[in-house]
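Student: Dropping in target-v2.txt, with compact mmCIF, N, CA and C atoms.
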# COMPACT_ATOMS: atom_id res chain seq x y z
N MET A 1 -22.93 6.15 6.69
CA MET A 1 -23.43 7.47 6.96
C MET A 1 -22.40 8.26 7.75
N ALA A 2 -22.05 9.44 7.28
CA ALA A 2 -21.09 10.30 7.97
C ALA A 2 -21.78 11.61 8.33
N ASN A 3 -21.56 12.09 9.53
CA ASN A 3 -22.12 13.35 9.99
C ASN A 3 -23.65 13.39 9.88
N GLY A 4 -24.32 12.25 10.03
CA GLY A 4 -25.77 12.22 10.00
C GLY A 4 -26.38 12.36 8.61
N GLN A 5 -25.55 12.43 7.57
CA GLN A 5 -26.06 12.56 6.21
C GLN A 5 -26.23 11.18 5.59
N PRO A 6 -27.25 10.99 4.76
CA PRO A 6 -27.42 9.68 4.13
C PRO A 6 -26.27 9.39 3.17
N SER A 7 -25.91 8.10 3.08
CA SER A 7 -24.81 7.74 2.19
C SER A 7 -25.25 7.86 0.73
N GLN A 8 -24.29 8.13 -0.13
CA GLN A 8 -24.55 8.28 -1.55
C GLN A 8 -23.91 7.10 -2.27
N GLN A 9 -24.63 6.46 -3.17
CA GLN A 9 -24.10 5.34 -3.91
C GLN A 9 -23.35 5.85 -5.13
N ILE A 10 -22.12 5.37 -5.31
CA ILE A 10 -21.29 5.78 -6.44
C ILE A 10 -20.93 4.54 -7.24
N ASN A 11 -21.12 4.60 -8.54
CA ASN A 11 -20.78 3.49 -9.43
C ASN A 11 -19.30 3.62 -9.82
N ILE A 12 -18.49 2.65 -9.41
CA ILE A 12 -17.06 2.64 -9.73
C ILE A 12 -16.81 1.58 -10.78
N GLN A 13 -16.14 1.96 -11.86
CA GLN A 13 -15.78 1.02 -12.91
C GLN A 13 -14.29 0.74 -12.86
N SER A 14 -13.91 -0.47 -13.21
CA SER A 14 -12.50 -0.85 -13.19
C SER A 14 -12.21 -1.75 -14.38
N ASP A 15 -11.04 -1.57 -14.98
CA ASP A 15 -10.67 -2.42 -16.10
C ASP A 15 -10.15 -3.75 -15.56
N PRO A 16 -10.17 -4.82 -16.38
CA PRO A 16 -9.77 -6.14 -15.92
C PRO A 16 -8.33 -6.20 -15.37
N ALA A 17 -7.40 -5.47 -15.95
CA ALA A 17 -6.02 -5.51 -15.46
C ALA A 17 -5.93 -4.96 -14.04
N THR A 18 -6.68 -3.91 -13.75
CA THR A 18 -6.67 -3.36 -12.39
C THR A 18 -7.32 -4.34 -11.42
N LEU A 19 -8.38 -4.99 -11.83
CA LEU A 19 -9.05 -5.96 -10.95
C LEU A 19 -8.15 -7.15 -10.61
N ARG A 20 -7.27 -7.54 -11.52
CA ARG A 20 -6.35 -8.64 -11.25
C ARG A 20 -5.39 -8.28 -10.12
N GLY A 21 -5.02 -7.01 -10.02
CA GLY A 21 -4.09 -6.57 -8.99
C GLY A 21 -2.66 -6.89 -9.35
N VAL A 22 -1.75 -6.40 -8.52
CA VAL A 22 -0.32 -6.65 -8.69
C VAL A 22 0.27 -7.01 -7.33
N TYR A 23 1.36 -7.76 -7.33
CA TYR A 23 2.04 -8.14 -6.10
C TYR A 23 3.19 -7.17 -5.86
N ALA A 24 3.31 -6.71 -4.63
CA ALA A 24 4.42 -5.84 -4.25
C ALA A 24 5.00 -6.32 -2.93
N ASN A 25 6.34 -6.36 -2.86
CA ASN A 25 6.99 -6.73 -1.61
C ASN A 25 7.91 -5.63 -1.09
N MET A 26 7.82 -4.47 -1.73
CA MET A 26 8.59 -3.32 -1.26
C MET A 26 7.84 -2.04 -1.62
N MET A 27 7.98 -1.03 -0.76
CA MET A 27 7.33 0.25 -1.00
C MET A 27 8.31 1.36 -0.67
N PHE A 28 8.28 2.41 -1.45
CA PHE A 28 9.10 3.60 -1.24
C PHE A 28 8.16 4.77 -1.13
N VAL A 29 8.33 5.61 -0.11
CA VAL A 29 7.43 6.74 0.12
C VAL A 29 8.22 8.04 0.13
N VAL A 30 7.73 9.03 -0.59
CA VAL A 30 8.27 10.40 -0.53
C VAL A 30 7.08 11.34 -0.33
N HIS A 31 7.36 12.54 0.14
CA HIS A 31 6.26 13.47 0.35
C HIS A 31 6.72 14.90 0.16
N THR A 32 5.73 15.73 -0.13
CA THR A 32 5.87 17.18 -0.19
C THR A 32 4.85 17.72 0.80
N PRO A 33 4.79 19.02 1.03
CA PRO A 33 3.74 19.53 1.91
C PRO A 33 2.32 19.23 1.40
N GLU A 34 2.17 19.02 0.09
CA GLU A 34 0.85 18.83 -0.50
C GLU A 34 0.45 17.39 -0.74
N GLU A 35 1.42 16.45 -0.85
CA GLU A 35 1.05 15.09 -1.23
C GLU A 35 2.07 14.06 -0.77
N PHE A 36 1.60 12.82 -0.70
CA PHE A 36 2.44 11.65 -0.45
C PHE A 36 2.46 10.84 -1.74
N VAL A 37 3.63 10.32 -2.09
CA VAL A 37 3.77 9.46 -3.26
C VAL A 37 4.28 8.11 -2.75
N MET A 38 3.50 7.06 -3.02
CA MET A 38 3.88 5.71 -2.62
C MET A 38 4.13 4.89 -3.87
N ASP A 39 5.37 4.45 -4.03
CA ASP A 39 5.74 3.59 -5.15
C ASP A 39 5.86 2.16 -4.65
N PHE A 40 5.21 1.24 -5.34
CA PHE A 40 5.24 -0.17 -4.97
C PHE A 40 6.06 -0.94 -6.00
N MET A 41 6.94 -1.81 -5.49
CA MET A 41 7.81 -2.60 -6.35
C MET A 41 7.66 -4.08 -6.03
N ASN A 42 7.97 -4.91 -7.00
CA ASN A 42 8.10 -6.34 -6.81
C ASN A 42 9.57 -6.65 -7.06
N ILE A 43 10.29 -6.92 -5.97
CA ILE A 43 11.73 -7.16 -6.04
C ILE A 43 11.99 -8.65 -6.00
N VAL A 44 12.86 -9.13 -6.90
CA VAL A 44 13.29 -10.53 -6.92
C VAL A 44 14.79 -10.53 -6.68
N PRO A 45 15.19 -10.56 -5.39
CA PRO A 45 16.61 -10.43 -5.05
C PRO A 45 17.51 -11.48 -5.70
N ALA A 46 17.03 -12.72 -5.82
CA ALA A 46 17.85 -13.78 -6.40
C ALA A 46 18.23 -13.46 -7.84
N GLN A 47 17.39 -12.69 -8.51
CA GLN A 47 17.66 -12.32 -9.90
C GLN A 47 18.23 -10.92 -10.01
N GLN A 48 18.43 -10.24 -8.87
CA GLN A 48 18.95 -8.88 -8.84
C GLN A 48 18.15 -7.95 -9.74
N GLN A 49 16.83 -8.08 -9.69
CA GLN A 49 15.98 -7.20 -10.49
C GLN A 49 14.65 -6.99 -9.80
N GLY A 50 13.91 -6.05 -10.31
CA GLY A 50 12.59 -5.78 -9.78
C GLY A 50 11.78 -4.99 -10.78
N HIS A 51 10.50 -4.81 -10.45
CA HIS A 51 9.60 -4.07 -11.32
C HIS A 51 8.80 -3.08 -10.48
N HIS A 52 8.66 -1.89 -11.00
CA HIS A 52 7.79 -0.88 -10.40
C HIS A 52 6.39 -1.24 -10.84
N VAL A 53 5.51 -1.59 -9.88
CA VAL A 53 4.20 -2.11 -10.27
C VAL A 53 3.05 -1.13 -10.07
N ALA A 54 3.24 -0.11 -9.21
CA ALA A 54 2.15 0.84 -8.99
C ALA A 54 2.66 2.10 -8.30
N ARG A 55 1.99 3.20 -8.55
CA ARG A 55 2.26 4.46 -7.85
C ARG A 55 0.92 5.03 -7.41
N ILE A 56 0.86 5.39 -6.12
CA ILE A 56 -0.33 6.02 -5.56
C ILE A 56 0.09 7.40 -5.06
N VAL A 57 -0.63 8.44 -5.48
CA VAL A 57 -0.38 9.81 -5.03
C VAL A 57 -1.65 10.27 -4.31
N THR A 58 -1.49 10.78 -3.08
CA THR A 58 -2.65 11.20 -2.31
C THR A 58 -2.29 12.35 -1.38
N SER A 59 -3.29 13.01 -0.85
CA SER A 59 -3.08 14.13 0.06
C SER A 59 -2.72 13.62 1.45
N PRO A 60 -2.04 14.45 2.27
CA PRO A 60 -1.73 14.04 3.65
C PRO A 60 -2.99 13.66 4.45
N GLY A 61 -4.06 14.42 4.29
CA GLY A 61 -5.29 14.11 5.01
C GLY A 61 -5.88 12.77 4.61
N HIS A 62 -5.86 12.48 3.31
CA HIS A 62 -6.40 11.21 2.85
C HIS A 62 -5.47 10.07 3.27
N LEU A 63 -4.16 10.30 3.27
CA LEU A 63 -3.23 9.26 3.72
C LEU A 63 -3.54 8.85 5.16
N LYS A 64 -3.87 9.83 5.99
CA LYS A 64 -4.21 9.51 7.38
C LYS A 64 -5.44 8.60 7.44
N ARG A 65 -6.42 8.82 6.58
CA ARG A 65 -7.60 7.96 6.52
C ARG A 65 -7.24 6.58 6.01
N ILE A 66 -6.32 6.48 5.04
CA ILE A 66 -5.87 5.19 4.53
C ILE A 66 -5.19 4.40 5.64
N ILE A 67 -4.31 5.07 6.40
CA ILE A 67 -3.61 4.40 7.50
C ILE A 67 -4.61 3.89 8.53
N ALA A 68 -5.59 4.70 8.87
CA ALA A 68 -6.61 4.27 9.85
C ALA A 68 -7.39 3.07 9.33
N ALA A 69 -7.76 3.08 8.05
CA ALA A 69 -8.51 1.96 7.46
C ALA A 69 -7.66 0.69 7.45
N LEU A 70 -6.38 0.82 7.10
CA LEU A 70 -5.49 -0.34 7.10
C LEU A 70 -5.31 -0.89 8.52
N ALA A 71 -5.13 0.00 9.50
CA ALA A 71 -4.96 -0.43 10.89
C ALA A 71 -6.19 -1.17 11.38
N GLU A 72 -7.37 -0.66 11.07
CA GLU A 72 -8.61 -1.30 11.49
C GLU A 72 -8.76 -2.67 10.85
N ASN A 73 -8.45 -2.77 9.55
CA ASN A 73 -8.56 -4.05 8.87
C ASN A 73 -7.53 -5.06 9.37
N LEU A 74 -6.32 -4.61 9.70
CA LEU A 74 -5.31 -5.50 10.27
C LEU A 74 -5.78 -6.01 11.64
N LYS A 75 -6.37 -5.12 12.42
CA LYS A 75 -6.90 -5.51 13.73
C LYS A 75 -7.97 -6.60 13.57
N ARG A 76 -8.88 -6.43 12.62
CA ARG A 76 -9.92 -7.43 12.37
C ARG A 76 -9.31 -8.75 11.88
N TYR A 77 -8.33 -8.65 11.00
CA TYR A 77 -7.66 -9.85 10.47
C TYR A 77 -7.01 -10.63 11.60
N GLU A 78 -6.26 -9.92 12.48
CA GLU A 78 -5.57 -10.60 13.58
C GLU A 78 -6.57 -11.18 14.59
N ALA A 79 -7.69 -10.54 14.78
CA ALA A 79 -8.72 -11.09 15.67
C ALA A 79 -9.24 -12.42 15.13
N GLN A 80 -9.31 -12.54 13.82
CA GLN A 80 -9.83 -13.75 13.19
C GLN A 80 -8.76 -14.81 12.96
N HIS A 81 -7.53 -14.38 12.59
CA HIS A 81 -6.50 -15.33 12.16
C HIS A 81 -5.27 -15.39 13.06
N GLY A 82 -5.19 -14.52 14.06
CA GLY A 82 -4.03 -14.50 14.95
C GLY A 82 -3.04 -13.41 14.55
N PRO A 83 -2.05 -13.17 15.40
CA PRO A 83 -1.09 -12.09 15.16
C PRO A 83 -0.30 -12.28 13.87
N VAL A 84 0.02 -11.17 13.24
CA VAL A 84 0.83 -11.16 12.03
C VAL A 84 2.21 -10.64 12.39
N LYS A 85 3.22 -11.39 11.99
CA LYS A 85 4.60 -10.97 12.21
C LYS A 85 5.01 -10.05 11.05
N ALA A 86 5.64 -8.92 11.38
CA ALA A 86 6.09 -8.00 10.34
C ALA A 86 7.14 -8.68 9.45
N ALA A 87 7.02 -8.48 8.15
CA ALA A 87 7.97 -9.05 7.21
C ALA A 87 9.31 -8.34 7.32
N SER A 88 10.37 -9.09 7.15
CA SER A 88 11.69 -8.49 7.15
C SER A 88 11.98 -7.93 5.76
N GLU A 89 12.98 -7.08 5.70
CA GLU A 89 13.38 -6.51 4.42
C GLU A 89 13.85 -7.64 3.51
N PRO A 90 13.44 -7.64 2.23
CA PRO A 90 13.87 -8.71 1.33
C PRO A 90 15.39 -8.79 1.25
N PRO A 91 15.96 -10.01 1.21
CA PRO A 91 17.41 -10.15 1.09
C PRO A 91 17.92 -9.45 -0.16
N GLY A 92 19.00 -8.73 -0.03
CA GLY A 92 19.61 -8.06 -1.17
C GLY A 92 18.99 -6.72 -1.51
N ALA A 93 17.99 -6.27 -0.79
CA ALA A 93 17.31 -5.01 -1.13
C ALA A 93 18.28 -3.84 -1.07
N LYS A 94 19.15 -3.79 -0.07
CA LYS A 94 20.09 -2.68 0.04
C LYS A 94 21.06 -2.64 -1.13
N GLU A 95 21.45 -3.82 -1.60
CA GLU A 95 22.37 -3.87 -2.74
C GLU A 95 21.70 -3.39 -4.03
N ILE A 96 20.38 -3.54 -4.09
CA ILE A 96 19.64 -3.10 -5.28
C ILE A 96 19.49 -1.58 -5.26
N GLY A 97 19.57 -0.99 -4.08
CA GLY A 97 19.50 0.46 -4.00
C GLY A 97 18.27 1.00 -3.28
N PHE A 98 17.40 0.14 -2.78
CA PHE A 98 16.22 0.59 -2.05
C PHE A 98 16.52 0.63 -0.57
N ARG A 99 15.93 1.56 0.12
CA ARG A 99 16.13 1.68 1.56
C ARG A 99 14.78 1.59 2.26
N ALA A 100 14.74 0.84 3.34
CA ALA A 100 13.52 0.75 4.13
C ALA A 100 13.45 1.93 5.06
N GLY A 101 12.21 2.39 5.37
CA GLY A 101 12.01 3.46 6.33
C GLY A 101 12.46 4.73 5.81
Take the structure I supplied and represent it as structure tokens, if you would.

Tutor:
Amino acid sequence: MANGQPSQQINIQSDPATLRGVYANMMFVVHTPEEFVMDFMNIVPAQQQGHHVARIVTSPGHLKRIIAALAENLKRYEAQHGPVKAASEPPGAKEIGFRAG
């Protein structure tokens, strides 16, 4: 319930490929005044190759809500499983042409 209004149930459908999900170990973010674009890649440095696995485009306001939801879920995860160490940049990522941050 938000702002005292009753919640509304929405039926969300998903195809099997989306439900399986994809693995990503690198993300590239660009933005304009109107939107953020997050590209997710699966990089295999030993093979000097990678695959673009997903692109998410969202508004700045919604991105802020996504960040808050991720932070809250990470906090809950760490409370249950202990602290998470940030992953380092994959070896060879700079040579492939991707930049962190």

Student: Of the residues A:His52, A:Arg20, A:Thr58, A:Glu78, which is the one nearest to Met38 of chain A, using all atoms listed in the file?

Tutor: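 Closest to Met38 of chain A of all the choices is A:Thr58.
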
Student: Take atom CA of Val84 of chain A and atom CA of Val29 of chain A and report the distance between them in Å, one decimal.

Tutor: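 Computing it gives 22.5 Å between the two atoms.
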
Student: Which of chain A counts as helix (DSSP H, G or I) under DSSP, as number ranges by chain please?

Tutor: A: 16-20, 45-47, 60-81, 93-96

Student: Could you please determine the separation between atom C of Ala54 of chain A and atom N of Thr18 of chain A in Å, to one decimal place?

Tutor: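 If I compute the distance from atom C of Ala54 of chain A to atom N of Thr18 of chain A, I get 12.4 Å.
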
Student: Which one of A:Ala87, A:Ile67, A:Met41, A:Ile10 sits closest to Phe28 of chain A if you count only N, CA and C atoms?

Tutor: A:Met41

Student: With DSSP run on the backbone, what are the strand (DSSP E) residues within segment 37-70 of chain A? I'd like them as number ranges by chain.

Tutor: A: 37-44, 49-58

Student: In terms of the shortest atom-to-atom distance over only N, CA and C atoms, which of A:Phe36, A:Glu89, A:Lys75, A:Ala68 is closest to Ile56 of chain A?

Tutor: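 When distances to Ile56 of chain A are compared using only N, CA and C atoms, the smallest one comes from A:Phe36.
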
Student: Atom C of Arg65 of chain A to atom N of Ala86 of chain A: how many Å, to one decimal?

Tutor: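 These two atoms are separated by 20.9 Å.
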
Student: Specify the axis-aligned box that encloses all atoms of segment 10-28 of chain A listed in the file after padding of 8 Å on each side, stating its centre and edge lengths in Å to one decimal as lines of an AutoDock Vina configuration file.

Tutor:
center_x = -6.5
center_y = -1.4
center_z = -8.5
size_x = 47.2
size_y = 30.4
size_z = 31.7

Student: For Val57 of chain A, which residue among A:Val30, A:Ile43, A:Val37, A:Leu70 is the nearest when counting all atoms listed in the file?

Tutor: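 Among the listed residues, the smallest separation from Val57 of chain A belongs to A:Val37.
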
Student: Could you tell me, as a VMD selection string, which residues have any atom at most 8 Å from (3.6, -9.9, -9.8), counting only C-alpha atoms?

Tutor: chain A and resid 22 to 24 42 53
